[in-house]
Each structure stands twice: as C-alpha cells, then as structure tokens.
Amino acid sequence: MNAPDEADDELLARVFLTRVIEPGDEAGGRWVRELGVGEVVRRLRDGGAALPGVSGKRWAGLLARAAVARPHQDLAVARDAGVRFVCPGGTEWPAQLDDLGDARPLGLWVRGRAALRMWALKSVAVVGARACTEYGAHMAATLAAGLAEQGWVVVSGGAYGVDGAAHRGALGAGGATVAVLACGVDRPYPRGHSRLIGRIAEQGLVVGELPPGDHPTPSRFILRNRVIAALTRGTVVVEAAHRSGSLVTARAAQRLGRHTMGVPGPATSALSAGVHELLRGEAALVTDAADVVELVGAMGQLAPDRRGPVLPRDLLDPATRQVLAALPGRGAARPDEIARRAQTAQDDAIARLYELRALGYVERHGDGWKLTRQAVMSVRDVPGPS
C-alpha cells in the first residue's frame with residue numbers, strides 16, 4: 001500500500017532537486033547515491049548540516065535555491081504543457097543513462113507521446129556545427145532520413161545548423177526523432193526553432209533535465225551533450241570545428257564505450273577540421289546511413305559493397321581485357337607487341353583481337369591493330385599488366 005506514496009515522494013524530491021542542483025553535478029549525484037534523495041532534500045529544506053564536501057559559500061547558494069523550489073507547482077506547469085517527469089528506475093527510464101554514474105540526470109522532463117526507454121534502445125545521435133555549410137546540412141538531413149527509413153531514432157540537440165537539419169531529415173522521412181534541450185522543454189530554444197521543436201514534440205520527443213521555464217546557459221549546453229551521448233548507441237559528427245561542442249558529445253560517447261563516427265568534409269574546410277581530428281583517432285568514417293547501421297546495428301547488418309557503374313568492358317573475360325589493355329592509347333601496334341604486353345601467345349592475342357573487333361573495341365590498321373575512337377576513353381581506365 002505504501003509503494004505509490006513512496007514513488008510520489010521520490011518523484012517530488014527529484015523534481016525539487018532539479019531546481020537546486022545543476023545538470024551533471026557529480027557531487028550532487030554522489031549525495032543522492034550515498035545518502036538517498038529524501039535525506040538530501042531534507043537537509044536542503046531544513047538548512048541543517050551541510051552536505052559532504054560543500055564549502056560555506058556553495059552551501060548558502062544551494063539553500064537559496066532550495067528556498068524558492070516549488071516541485072508541486074513545477075509539476076502542475078509541466079502537466080499543463082503536456083510534459084511528464086521520468087525518474088531513474090521507472091518504467092520509462094532509459095537504463096543506458098546509468099552509465100553516466102554520479103553525473104546521471106536526477107530525472108528527465110519529457111514532452112511527447114512516445115515511450116523514451118523504447119525509443120532510446122535503437123537510437124543514433126547526429127550532431128555538428130551550428131553555422132554549418134550547405135554540404136553539412138545536406139549530409140545531416142540525408143543521413144537522418146536514411147536512418148529513419150531503416151527504423152532508427154535520430155537524436156540531436158535542437159540547435160541551428162546540423163542539429164536542425166538532422167531533425168528535419170528524420171521528420172521528412174516520416175521517422176522518429178528526439179531533441180535533447182539545455183533548457184525547460186516547455187520553452188523551446190533557440191526561438192527560431194519553436195515550430196520545429198513543436199513538430200518534434202508532436203511526432204517525436206523533446207527531452208531535458210531542467211524544470212519548466214528554465215533557461216539555457218553555455219555550461220548547460222555542454223553538459224546536455226553527455227545525455228545525448230549516453231542515450232544513444234553511437235554519435236555521428238557531420239561538421240565540427242576544433243572547438244565545437246559536438247566534439248564534446250563525441251568524446252563523451254567514446255568514454256562511455258559508444259560508437260563514434262564522423263562524416264568527412266573538404267580538407268580545406270575549418271568546419272570539418274574537428275571531424276578529421278576524430279577520424280585520425282578512434283572514430284569510424286561514415287558516408288551514409290548504411291555505414292552507420294553496420295556499426296551500431298545487429299550483427300550481419302552490413303553496408304553494401306561500394307562499386308562504380310558496370311561498364312561494357314567489365315563483361316569481357318580477364319584474358320581479353322588484358323589484350324585490350326595492351327593496345328596503345330594512340331596509334332597502332334603489331335600483334336607480337338600486343339601479345340608481349342598482354343603476356344600471352346601471339347596466336348591467342350590475334351584471336352582475342354578479332355573478338356574485340358566484333359565488339360567494336362579495335363580495328364585493323366595495315367599490319368597492326370588500334371583502338372577505335374569510342375574505346376579510347378574506356379580503355380584509359382583499365383589497369384595494364386603489372
């Protein structure tokens with residue numbers, strides 16, 4: 001009979017702490033783990049003995065925050081906005097977030113109808129530069145659409161640039177996407193993405209650690225990235241300069257043992273310099289959704305072989321292709337010269353030359369043989385005998 005009350009108390013206590021303790025605060029996480037969430041809240045509310053390892057100045061700051069925390073009010077505001085609060089250990093909690101240890105979120109505010117835990121089981125993060133190039137936006141959207149078409153959930157940060165392109169790509173393909181925000185999920189940021197984030201909430205999920213109405217700060221953006229990394233099976237960086245926040249996400253993914261991937265860009269682009277740095281390390285190079293799924297998907301989900309178009313000469317048997325490659329690009333050659341270059345007997349070379357003439361590749365020129373005009377460009381791509 002006490003279980004529902006205990007669950008309610010736990011939820012209220014964690015909602016209270018989201019007003020007091022900043023996201024990713026490992027000291028706060030350690031207090032909750034060692035003392036229990038109820039005891040941490042009691043000390044903050046009563047202003048009693050300071051929590052372990054807290055300076056007087058910081059303790060005063062925590063008490064000031066605690067004095068204005070109103071968990072019942074936060075839950076009411078959230079409910080009116082269609083937002084729910086998910087606690088660790090609950091049925092909707094993604095267990096992979098526990099890999100963050102003491103930096104694990106105290107809970108998550110979730111907006112949208114889908115079940116976060118189920119969606120996170122098959123998700124990939126696609127992140128990158130805010131001031132991305134047309135190439136970056138195109139690659140992010142195409143990659144996200146391809147992942148969505150294969151049943152993967154695309155997770156990103158809702159920001160301008162690559163994030164927005166990834167969300168739009170997934171939505172455009174009729175797929176699922178999750179935006180992890182560095183502010184209250186009831187007040188979309190950036191404001192220019194209000195419609196996009198509203199659409200994500202309708203078709204996907206909007207998630208955040210901060211209570212309703214709370215605003216973003218530079219540090220909160222950085223700390224938000226650890227949630228994106230932990231929530232997903234792998235992180236793809238599309239474009240990133242050397243000091244891009246998306247590299248923080250990628251490195252967090254590496255520390256957590258998740259797959260880290262990068263989409264290469266022009267060697268001259270400063271916006272691809274950070275990605276190239278990742279690729280020189282442990283990150284895997286990917287160019288499309290199939291490459292990503294091969295890494296993060298089930299065993300046997302291999303990307304297709306990358307091959308160029310099948311040309312008519314590809315249908316020739318190897319020995320005939322060798323004779324064709326032995327003809328000079330310009331002028332004619334005698335059969336004995338062709339045979340020597342093709343490393344075959346002269347009679348065999350002559351037989352294959354007549355076969356090639358019937359196919360329109362070569363023509364007789366006095367005592368020699370030469371390529372037809374149509375064959376010249378094709379043969380230039382054929383490697384000669386070593």
# chains A, B, ... in the order shown; residues from 1 in each chain; ligands from 1

call {"tool": "select_by_dssp", "arguments": {"residues": "segment 42-148 of chain A", "states": "helix (DSSP H, G or I)", "output": "PyMOL selection string"}}
result
chain A and resi 42-46+56-68+71-80+95-103+116-120+134-148

call {"tool": "residues_around", "arguments": {"residues": "segment 184-190 of chain A", "least_positions_apart": "5", "cutoff": "8 Å", "atoms": "only C-alpha atoms", "output": "list of chain:residue names"}}
result
A:Ala78, A:Ala81, A:Val83, A:Trp109, A:Val110, A:Arg111, A:Gly158, A:Ala159, A:Tyr160, A:Ile197, A:Val206, A:Val207, A:Gly208, A:Glu209, A:Leu210, A:Pro211, A:Pro212, A:Gly213, A:Asp214, A:His215, A:Pro216

call {"tool": "write_last_selection", "arguments": {"atoms": "C-alpha atoms", "output": "mmCIF file, in the first residue's frame"}}
result
data_model
loop_
_atom_site.group_PDB
_atom_site.id
_atom_site.type_symbol
_atom_site.label_atom_id
_atom_site.label_comp_id
_atom_site.auth_asym_id
_atom_site.auth_seq_id
_atom_site.Cartn_x
_atom_site.Cartn_y
_atom_site.Cartn_z
ATOM 1 C CA ALA A 78 4.540 20.708 -16.781
ATOM 2 C CA ALA A 81 2.246 21.870 -21.155
ATOM 3 C CA VAL A 83 5.189 17.363 -20.073
ATOM 4 C CA TRP A 109 11.326 16.110 -18.324
ATOM 5 C CA VAL A 110 9.723 14.549 -21.401
ATOM 6 C CA ARG A 111 7.311 16.094 -23.891
ATOM 7 C CA GLY A 158 17.513 21.017 -31.498
ATOM 8 C CA ALA A 159 20.056 23.734 -32.369
ATOM 9 C CA TYR A 160 20.545 25.601 -35.636
ATOM 10 C CA ILE A 197 10.576 21.730 -31.732
ATOM 11 C CA VAL A 206 11.524 16.639 -26.573
ATOM 12 C CA VAL A 207 13.666 15.873 -23.518
ATOM 13 C CA GLY A 208 15.595 17.902 -20.946
ATOM 14 C CA GLU A 209 16.964 17.885 -17.396
ATOM 15 C CA LEU A 210 15.869 21.370 -16.420
ATOM 16 C CA PRO A 211 12.441 22.194 -14.943
ATOM 17 C CA PRO A 212 9.739 24.170 -16.777
ATOM 18 C CA GLY A 213 10.676 27.700 -17.738
ATOM 19 C CA ASP A 214 14.388 27.321 -17.012
ATOM 20 C CA HIS A 215 16.797 28.988 -19.429
ATOM 21 C CA PRO A 216 19.922 27.708 -21.180
#

call {"tool": "closest_atom_pairs", "arguments": {"of": "segment 178-283 of chain A", "to": "segment 163-166 of chain A", "cutoff": "10 Å", "atoms": "only C-alpha atoms", "output": "CSV"}}
result
residue,atom,partner,partner_atom,distance
A:Ala179,CA,A:Asp163,CA,8.7
A:His193,CA,A:Gly164,CA,8.0
A:Leu196,CA,A:Gly164,CA,7.9
A:Ile197,CA,A:Gly164,CA,9.2
A:Val238,CA,A:Asp163,CA,9.6
A:Ser246,CA,A:Asp163,CA,9.8

call {"tool": "write_last_selection", "arguments": {"atoms": "N, CA and C atoms", "output": "short mmCIF file (atom, residue, chain, number, x, y, z; two decimals), in the first residue's frame"}}
result
data_model
loop_
_atom_site.label_atom_id
_atom_site.label_comp_id
_atom_site.auth_asym_id
_atom_site.auth_seq_id
_atom_site.Cartn_x
_atom_site.Cartn_y
_atom_site.Cartn_z
N ALA A 179 14.72 15.51 -29.52
CA ALA A 179 15.52 16.71 -29.29
C ALA A 179 15.83 16.78 -27.79
N HIS A 193 13.58 28.04 -33.67
CA HIS A 193 13.21 26.64 -33.90
C HIS A 193 11.94 26.27 -33.13
N LEU A 196 9.80 24.01 -35.23
CA LEU A 196 10.45 22.70 -35.41
C LEU A 196 10.33 21.87 -34.14
N ILE A 197 10.63 22.47 -32.99
CA ILE A 197 10.58 21.73 -31.73
C ILE A 197 9.13 21.34 -31.40
N VAL A 238 28.82 15.45 -38.08
CA VAL A 238 28.79 15.77 -39.51
C VAL A 238 29.77 16.88 -39.85
N SER A 246 29.98 19.81 -30.45
CA SER A 246 29.64 18.46 -30.90
C SER A 246 30.79 17.48 -30.66
#

call {"tool": "select_by_dssp", "arguments": {"residues": "segment 102-290 of chain A", "states": "strand (DSSP E or B)", "output": "PyMOL selection string"}}
result
chain A and resi 108-111+123-127+153-156+177-181+205-208+234-237+259-262+284-285

call {"tool": "closest_residue", "arguments": {"among": "A:Leu353, A:Val162, A:Ala358, A:Met139", "to": "Ala289 of chain A", "atoms": "only C-alpha atoms"}}
result
A:Met139

call {"tool": "closest_residue", "arguments": {"among": "A:Gln374, A:Ser244, A:Gln254, A:Thr344", "to": "Ala131 of chain A", "atoms": "only C-alpha atoms"}}
result
A:Ser244

call {"tool": "residues_around", "arguments": {"residues": "Leu11 of chain A", "least_positions_apart": "5", "cutoff": "12 Å", "atoms": "only C-alpha atoms", "output": "PyMOL selection string"}}
result
chain A and resi 4-6+16-18+37-38+41+71-72+74-75+84-90+106-109

call {"tool": "closest_residue", "arguments": {"among": "A:Ser55, A:Gln73, A:Thr320, A:Ser156", "to": "Leu12 of chain A", "atoms": "only C-alpha atoms"}}
result
A:Gln73

call {"tool": "closest_residue", "arguments": {"among": "A:Ala240, A:Leu327, A:Ala339, A:Met118", "to": "Leu371 of chain A", "atoms": "only C-alpha atoms"}}
result
A:Leu327

call {"tool": "residues_around", "arguments": {"residues": "Gly48 of chain A", "least_positions_apart": "6", "cutoff": "12 Å", "atoms": "only C-alpha atoms", "output": "NGL selection string"}}
result
:A and (39-42 or 59-60 or 63)

call {"tool": "write_last_selection", "arguments": {"atoms": "all heavy atoms", "output": "PDB file, in the first residue's frame"}}
result
ATOM      1  N   GLU A  39      16.965  12.258   2.090  1.00  0.00           N
ATOM      2  CA  GLU A  39      17.843  12.906   3.065  1.00  0.00           C
ATOM      3  C   GLU A  39      18.480  14.166   2.478  1.00  0.00           C
ATOM      4  O   GLU A  39      18.620  15.194   3.171  1.00  0.00           O
ATOM      5  CB  GLU A  39      18.936  11.929   3.516  1.00  0.00           C
ATOM      6  CG  GLU A  39      19.994  12.518   4.436  1.00  0.00           C
ATOM      7  CD  GLU A  39      19.442  13.022   5.770  1.00  0.00           C
ATOM      8  OE1 GLU A  39      18.291  12.689   6.112  1.00  0.00           O
ATOM      9  OE2 GLU A  39      20.168  13.768   6.453  1.00  0.00           O
ATOM     10  N   VAL A  40      18.853  14.121   1.212  1.00  0.00           N
ATOM     11  CA  VAL A  40      19.437  15.297   0.570  1.00  0.00           C
ATOM     12  C   VAL A  40      18.418  16.439   0.558  1.00  0.00           C
ATOM     13  O   VAL A  40      18.739  17.589   0.898  1.00  0.00           O
ATOM     14  CB  VAL A  40      19.903  14.970  -0.864  1.00  0.00           C
ATOM     15  CG1 VAL A  40      20.382  16.225  -1.579  1.00  0.00           C
ATOM     16  CG2 VAL A  40      21.014  13.924  -0.851  1.00  0.00           C
ATOM     17  N   VAL A  41      17.180  16.121   0.205  1.00  0.00           N
ATOM     18  CA  VAL A  41      16.130  17.141   0.175  1.00  0.00           C
ATOM     19  C   VAL A  41      15.857  17.676   1.579  1.00  0.00           C
ATOM     20  O   VAL A  41      15.675  18.893   1.781  1.00  0.00           O
ATOM     21  CB  VAL A  41      14.842  16.559  -0.458  1.00  0.00           C
ATOM     22  CG1 VAL A  41      13.667  17.525  -0.274  1.00  0.00           C
ATOM     23  CG2 VAL A  41      15.058  16.272  -1.943  1.00  0.00           C
ATOM     24  N   ARG A  42      15.822  16.795   2.579  1.00  0.00           N
ATOM     25  CA  ARG A  42      15.561  17.233   3.955  1.00  0.00           C
ATOM     26  C   ARG A  42      16.601  18.233   4.427  1.00  0.00           C
ATOM     27  O   ARG A  42      16.270  19.279   5.000  1.00  0.00           O
ATOM     28  CB  ARG A  42      15.529  16.020   4.893  1.00  0.00           C
ATOM     29  CG  ARG A  42      15.116  16.355   6.333  1.00  0.00           C
ATOM     30  CD  ARG A  42      15.373  15.202   7.272  1.00  0.00           C
ATOM     31  NE  ARG A  42      16.811  14.931   7.426  1.00  0.00           N
ATOM     32  CZ  ARG A  42      17.624  15.656   8.171  1.00  0.00           C
ATOM     33  NH1 ARG A  42      17.180  16.734   8.814  1.00  0.00           N
ATOM     34  NH2 ARG A  42      18.898  15.340   8.275  1.00  0.00           N
ATOM     35  N   TRP A  59      27.164  26.139  -0.012  1.00  0.00           N
ATOM     36  CA  TRP A  59      26.018  25.693   0.784  1.00  0.00           C
ATOM     37  C   TRP A  59      24.960  26.801   0.868  1.00  0.00           C
ATOM     38  O   TRP A  59      23.766  26.539   0.729  1.00  0.00           O
ATOM     39  CB  TRP A  59      26.481  25.259   2.161  1.00  0.00           C
ATOM     40  CG  TRP A  59      25.398  24.710   3.054  1.00  0.00           C
ATOM     41  CD1 TRP A  59      25.023  25.154   4.280  1.00  0.00           C
ATOM     42  CD2 TRP A  59      24.558  23.583   2.783  1.00  0.00           C
ATOM     43  NE1 TRP A  59      24.008  24.401   4.795  1.00  0.00           N
ATOM     44  CE2 TRP A  59      23.699  23.418   3.893  1.00  0.00           C
ATOM     45  CE3 TRP A  59      24.439  22.702   1.704  1.00  0.00           C
ATOM     46  CZ2 TRP A  59      22.739  22.416   3.974  1.00  0.00           C
ATOM     47  CZ3 TRP A  59      23.478  21.690   1.780  1.00  0.00           C
ATOM     48  CH2 TRP A  59      22.647  21.559   2.891  1.00  0.00           C
ATOM     49  N   ALA A  60      25.412  28.029   1.028  1.00  0.00           N
ATOM     50  CA  ALA A  60      24.475  29.153   1.083  1.00  0.00           C
ATOM     51  C   ALA A  60      23.737  29.301  -0.243  1.00  0.00           C
ATOM     52  O   ALA A  60      22.529  29.585  -0.281  1.00  0.00           O
ATOM     53  CB  ALA A  60      25.220  30.440   1.412  1.00  0.00           C
ATOM     54  N   LEU A  63      21.108  26.513  -0.500  1.00  0.00           N
ATOM     55  CA  LEU A  63      19.962  26.792   0.364  1.00  0.00           C
ATOM     56  C   LEU A  63      19.079  27.880  -0.232  1.00  0.00           C
ATOM     57  O   LEU A  63      17.843  27.832  -0.125  1.00  0.00           O
ATOM     58  CB  LEU A  63      20.440  27.203   1.757  1.00  0.00           C
ATOM     59  CG  LEU A  63      21.127  26.112   2.587  1.00  0.00           C
ATOM     60  CD1 LEU A  63      21.567  26.670   3.938  1.00  0.00           C
ATOM     61  CD2 LEU A  63      20.205  24.914   2.783  1.00  0.00           C
TER      62      LEU A  63
END

call {"tool": "closest_residue", "arguments": {"among": "A:Arg334, A:Arg191, A:Arg199, A:His242", "to": "Gly128 of chain A", "atoms": "only C-alpha atoms"}}
result
A:His242

call {"tool": "closest_residue", "arguments": {"among": "A:Ile350, A:Pro328, A:Leu271, A:Arg258", "to": "Glu134 of chain A", "atoms": "only C-alpha atoms"}}
result
A:Leu271
